[in-house]
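Coordinates as given in model27.csv (CSV, C-alpha atoms and all ligand atoms):
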chain,number,residue,atom,x,y,z
A,19,MET,CA,-32.5,147.0,28.9
A,20,THR,CA,-32.5,148.6,25.5
A,21,GLN,CA,-29.4,149.5,23.5
A,22,SER,CA,-30.3,153.1,23.7
A,23,GLU,CA,-30.4,152.9,27.5
A,24,ILE,CA,-27.0,151.4,27.4
A,25,GLU,CA,-25.8,154.1,25.0
A,26,THR,CA,-27.1,156.8,27.4
A,27,ILE,CA,-25.1,155.3,30.3
A,28,ILE,CA,-22.0,155.1,28.1
A,29,GLU,CA,-22.4,158.7,27.0
A,30,ARG,CA,-22.6,159.8,30.6
A,31,TYR,CA,-19.0,158.7,31.1
A,32,GLY,CA,-17.6,159.9,27.7
A,33,ASN,CA,-17.3,156.6,25.9
A,34,ARG,CA,-14.0,155.7,27.7
A,35,GLU,CA,-12.7,152.2,28.5
A,36,SER,CA,-11.5,153.5,31.9
A,37,ALA,CA,-15.1,154.2,32.8
A,38,ILE,CA,-16.1,150.5,32.5
A,39,LEU,CA,-16.5,150.1,36.3
A,40,SER,CA,-18.8,153.1,36.6
A,41,ILE,CA,-20.8,152.0,33.6
A,42,LEU,CA,-21.2,148.5,35.0
A,43,GLN,CA,-22.4,149.9,38.3
A,44,ASP,CA,-25.0,152.0,36.5
A,45,VAL,CA,-26.2,148.9,34.5
A,46,GLN,CA,-26.3,146.9,37.8
A,47,ALA,CA,-28.2,149.6,39.6
A,48,LYS,CA,-30.8,149.8,36.8
A,49,GLU,CA,-31.3,146.1,36.1
A,50,LYS,CA,-30.2,144.6,39.4
A,51,TYR,CA,-27.8,142.4,37.4
A,52,LEU,CA,-25.6,142.6,34.3
A,53,PRO,CA,-27.5,141.1,31.3
A,54,ARG,CA,-25.2,139.3,28.8
A,55,GLU,CA,-26.5,141.4,25.9
A,56,ALA,CA,-25.6,144.6,27.8
A,57,LEU,CA,-22.0,143.3,28.4
A,58,GLU,CA,-21.6,142.4,24.7
A,59,HIS,CA,-22.9,145.8,23.7
A,60,LEU,CA,-20.5,147.5,26.0
A,61,GLY,CA,-17.6,145.4,24.7
A,62,ASN,CA,-18.4,146.3,21.1
A,63,THR,CA,-18.9,150.0,21.8
A,64,LEU,CA,-15.9,150.5,24.0
A,65,ASN,CA,-13.7,148.0,22.1
A,66,ILE,CA,-13.1,146.0,25.2
A,67,PRO,CA,-12.7,142.2,24.9
A,68,ILE,CA,-15.8,140.5,26.3
A,69,ASN,CA,-13.7,138.2,28.6
A,70,LYS,CA,-12.1,141.3,30.2
A,71,ILE,CA,-15.6,142.6,31.0
A,72,TYR,CA,-16.6,139.3,32.5
A,73,ARG,CA,-13.4,139.3,34.6
A,74,ILE,CA,-14.3,142.6,36.0
A,75,ALA,CA,-18.0,141.6,36.4
A,76,THR,CA,-17.1,138.5,38.3
A,77,PHE,CA,-14.3,140.0,40.5
A,78,TYR,CA,-16.6,142.5,42.3
A,79,ARG,CA,-19.2,141.1,44.6
A,80,ALA,CA,-21.5,144.0,43.9
A,81,PHE,CA,-22.1,142.7,40.4
A,82,SER,CA,-24.4,139.8,39.5
A,83,LEU,CA,-24.6,138.0,36.2
A,84,THR,CA,-27.9,136.5,37.1
A,85,PRO,CA,-31.2,138.4,37.7
A,86,ARG,CA,-31.7,139.5,41.3
A,87,GLY,CA,-34.9,139.5,43.2
A,88,LYS,CA,-37.0,142.6,43.7
A,89,HIS,CA,-36.1,142.5,47.4
A,90,GLU,CA,-32.6,141.9,48.6
A,91,ILE,CA,-32.3,140.1,52.0
A,92,CYS,CA,-29.0,140.2,53.8
A,93,VAL,CA,-28.6,138.1,56.9
A,94,CYS,CA,-25.7,139.2,59.0
A,95,MET,CA,-23.3,136.3,59.9
A,96,GLY,CA,-20.8,138.5,61.7
A,97,THR,CA,-19.5,137.3,65.1
A,98,ALA,CA,-21.9,139.3,67.2
A,99,CYS,CA,-24.9,138.1,65.2
A,100,HIS,CA,-23.6,134.6,64.8
A,101,VAL,CA,-23.4,134.0,68.6
A,102,ARG,CA,-27.0,135.2,68.9
A,103,GLY,CA,-28.4,132.7,66.5
A,104,ALA,CA,-27.9,134.1,62.9
A,105,GLN,CA,-27.5,130.6,61.5
A,106,ARG,CA,-31.0,129.7,62.7
A,107,ILE,CA,-32.3,132.8,60.9
A,108,VAL,CA,-30.6,131.7,57.7
A,109,ASP,CA,-32.0,128.2,58.1
A,110,GLN,CA,-35.5,129.6,58.5
A,111,MET,CA,-35.1,131.9,55.5
A,112,LYS,CA,-34.1,128.8,53.5
A,113,ILE,CA,-37.2,127.0,54.5
A,114,GLU,CA,-39.5,130.0,53.9
A,115,LEU,CA,-38.0,131.0,50.6
A,116,GLY,CA,-36.9,127.6,49.2
A,117,ILE,CA,-33.5,129.0,48.3
A,118,ARG,CA,-30.0,129.1,49.7
A,119,PRO,CA,-27.8,132.2,50.2
A,120,GLY,CA,-26.7,133.6,46.8
A,121,GLU,CA,-29.9,132.5,45.2
A,122,THR,CA,-33.1,134.2,44.0
A,123,THR,CA,-36.6,132.9,44.3
A,124,LYS,CA,-38.3,131.6,41.2
A,125,ASP,CA,-40.8,134.5,41.2
A,126,GLN,CA,-37.8,136.8,41.4
A,127,ASN,CA,-39.2,138.5,44.5
A,128,PHE,CA,-36.3,137.7,46.9
A,129,THR,CA,-32.6,137.3,46.7
A,130,LEU,CA,-31.0,135.9,49.9
A,131,GLU,CA,-27.4,136.9,50.9
A,132,THR,CA,-25.3,136.6,54.0
A,133,VAL,CA,-22.9,139.4,55.0
A,134,ASN,CA,-20.1,139.7,57.5
A,135,CYS,CA,-21.3,142.7,59.5
A,136,LEU,CA,-24.1,145.3,58.9
A,137,GLY,CA,-22.5,147.7,61.4
A,138,VAL,CA,-25.2,147.6,64.0
A,139,CYS,CA,-23.9,144.7,66.1
A,140,ALA,CA,-25.7,145.8,69.3
A,141,ALA,CA,-29.0,145.1,67.6
A,142,GLY,CA,-28.0,141.6,66.5
A,143,PRO,CA,-29.0,139.3,65.1
A,144,VAL,CA,-29.7,141.7,62.3
A,145,VAL,CA,-31.3,141.2,58.9
A,146,SER,CA,-31.6,143.9,56.3
A,147,ILE,CA,-34.2,143.9,53.5
A,148,ASP,CA,-33.7,146.5,50.8
A,149,GLY,CA,-31.6,148.5,53.2
A,150,GLU,CA,-34.1,148.5,56.0
A,151,TYR,CA,-32.7,146.9,59.2
A,152,PHE,CA,-34.6,144.4,61.3
A,153,GLY,CA,-32.8,144.0,64.7
A,154,LYS,CA,-33.2,141.4,67.4
A,155,MET,CA,-34.3,138.9,64.8
A,156,SER,CA,-35.3,135.4,65.5
A,157,SER,CA,-36.3,132.4,63.4
A,158,ALA,CA,-39.8,132.9,64.7
A,159,LYS,CA,-39.9,136.5,63.3
A,160,VAL,CA,-38.8,135.5,59.8
A,161,GLU,CA,-42.2,134.6,58.4
A,162,GLY,CA,-43.9,137.8,59.6
A,163,THR,CA,-41.0,139.9,58.4
A,164,LEU,CA,-41.0,138.4,54.9
A,165,LYS,CA,-44.7,138.7,54.7
A,166,LYS,CA,-44.3,142.5,54.4
A,167,PHE,CA,-42.4,142.0,51.2
A,168,ARG,CA,-44.4,139.3,49.5
A,169,PRO,CA,-46.4,140.5,46.5
A,170,ASP,CA,-49.5,138.4,47.3
A,171,LYS,CA,-49.6,139.4,50.9
A,172,LYS,CA,-53.3,140.5,50.8
A,173,LYS,CA,-54.4,137.5,48.7
A,174,LYS,CA,-52.7,135.1,51.1
A,175,GLU,CA,-54.2,136.9,54.1
A,176,GLY,CA,-57.7,136.6,52.5
A,177,ALA,CA,-57.2,132.9,51.7
A,178,HIS,CA,-56.2,132.3,55.3
A,179,GLY,CA,-59.2,134.2,56.5
A,180,LYS,CA,-61.6,131.9,54.6
A,181,ALA,CA,-60.0,128.6,55.7
B,1,LIG,S1,-22.0,141.3,63.5
B,1,LIG,FE1,-24.0,141.6,62.8
B,1,LIG,S2,-24.3,143.7,62.6
B,1,LIG,FE2,-22.2,143.5,63.2

Once you've parsed the file, please lay out its structure as structure tokens.
Amino acid sequence: MTQSEIETIIERYGNRESAILSILQDVQAKEKYLPREALEHLGNTLNIPINKIYRIATFYRAFSLTPRGKHEICVCMGTACHVRGAQRIVDQMKIELGIRPGETTKDQNFTLETVNCLGVCAAGPVVSIDGEYFGKMSSAKVEGTLKKFRPDKKKKEGAHGKA
């Protein structure tokens, strides 16, 4: 994110310290995380101590201080999904992606998270990827579902075809 892009966001809110939350939300939306340089620039421009900005950034779960994956996976661990096998789905995701909840794959394609309820309990167990819901999930469906979001989907399919 360039400094002029940050300036544009700041100007949108009138260069006010009280707008810090909205500004951080816009930076998060654009970058999918809060880069350290952006936070330092905000602190200098709005005259807010950097540790105060970090306190805000770490308080809200919507903010991330580390880069997020291109695709955000949320496995619902709410009661309705949990009793229908949500843990097995998380376990399979961990195997497929090589990461744990809260982490991002090395190629930055996926971030894996768990949530308490996605609000569609009757369809449980439920996984959302980039806001798209996949209901009646099972560990057996994980690989096929992730495949749709893998960047080298076609290459992999070609390689499998030759083998
Ligand atoms: S408990 Fe999973 S959607 Fe509500």

Compile a residue-level contact table for chain A against ligand LIG 1 (chain B) at a cut-off of 12 Å, reporting for every qualifying residue the shortest atom pair and its distance in Å to one decimal, with only C-alpha atoms and all ligand atoms counted, rows ordered by chain and ascending number, as a Markdown table.
| residue | atom | partner | partner_atom | distance |
| --- | --- | --- | --- | --- |
| A:Cys92 | CA | B:LIG1 | FE1 | 10.4 |
| A:Val93 | CA | B:LIG1 | FE1 | 8.3 |
| A:Cys94 | CA | B:LIG1 | FE1 | 4.8 |
| A:Met95 | CA | B:LIG1 | FE1 | 6.1 |
| A:Gly96 | CA | B:LIG1 | S1 | 3.5 |
| A:Thr97 | CA | B:LIG1 | S1 | 5.0 |
| A:Ala98 | CA | B:LIG1 | S1 | 4.2 |
| A:Cys99 | CA | B:LIG1 | FE1 | 4.3 |
| A:His100 | CA | B:LIG1 | S1 | 7.0 |
| A:Val101 | CA | B:LIG1 | S1 | 9.0 |
| A:Arg102 | CA | B:LIG1 | FE1 | 9.3 |
| A:Gly103 | CA | B:LIG1 | FE1 | 10.6 |
| A:Ala104 | CA | B:LIG1 | FE1 | 8.5 |
| A:Gln105 | CA | B:LIG1 | FE1 | 11.6 |
| A:Thr132 | CA | B:LIG1 | FE1 | 10.2 |
| A:Val133 | CA | B:LIG1 | FE1 | 8.2 |
| A:Asn134 | CA | B:LIG1 | S1 | 6.5 |
| A:Cys135 | CA | B:LIG1 | FE2 | 3.9 |
| A:Leu136 | CA | B:LIG1 | S2 | 4.0 |
| A:Gly137 | CA | B:LIG1 | S2 | 4.5 |
| A:Val138 | CA | B:LIG1 | S2 | 4.2 |
| A:Cys139 | CA | B:LIG1 | FE2 | 3.6 |
| A:Ala140 | CA | B:LIG1 | S2 | 7.2 |
| A:Ala141 | CA | B:LIG1 | S2 | 7.0 |
| A:Gly142 | CA | B:LIG1 | FE1 | 5.4 |
| A:Pro143 | CA | B:LIG1 | FE1 | 6.0 |
| A:Val144 | CA | B:LIG1 | FE1 | 5.7 |
| A:Val145 | CA | B:LIG1 | FE1 | 8.3 |
| A:Ser146 | CA | B:LIG1 | S2 | 9.6 |
| A:Tyr151 | CA | B:LIG1 | S2 | 9.6 |
| A:Phe152 | CA | B:LIG1 | S2 | 10.4 |
| A:Gly153 | CA | B:LIG1 | S2 | 8.8 |
| A:Lys154 | CA | B:LIG1 | FE1 | 10.3 |
| A:Met155 | CA | B:LIG1 | FE1 | 10.8 |

Neighbouring residues of A:Pro85 were defined as those with any atom within 9 Å, considering all atoms listed in the file; residues of the same chain fewer than 3 positions away were excluded. Please report them as a ChimeraX atom specification.
/A:49-53,82,122,126

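If all atoms listed in the file are the atoms counted, then among A:Arg118, A:Arg86, A:Arg54, A:Arg34 the closest residue to A:Ile71 is A:Arg54.
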
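Here the question is which of A:Leu130, A:Ala158, A:Leu42, A:Ala37 gets nearest to A:Lys88 using all atoms listed in the file, and that residue is A:Leu130.
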
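Using only C-alpha atoms, the shortest contact distance between A:Phe128 and any of A:Ala80, A:Leu60, A:Ile66, A:Leu164 is found at A:Leu164.
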
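Among the candidates A:Glu161, A:Glu23, A:Asp125, A:Glu150, the one nearest to A:Lys112 when counting all atoms listed in the file is A:Glu161.
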
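Closest approach to A:Gln21 among A:Glu55, A:Asp148, A:Asp170, A:Glu121 is made by A:Glu55 (distances from all atoms listed in the file).
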
At what distance in Å, to one decimal, does atom CA of A:His89 lie from atom CA of A:Glu58?
26.9 Å

Two-atom distance - atom CA of A:Thr84, atom CA of A:Ala56 (Å)
12.5 Å

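Minimum atom-to-atom distances from A:Asn69, A:Asn62, A:Gln110, A:Thr129 to A:Asn33 were compared using all atoms listed in the file, and the lowest value belongs to A:Asn62.
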
Calculate how many Å separate atom CA of A:Gln43 from atom CA of A:Thr20, rounding to one decimal.
16.4 Å
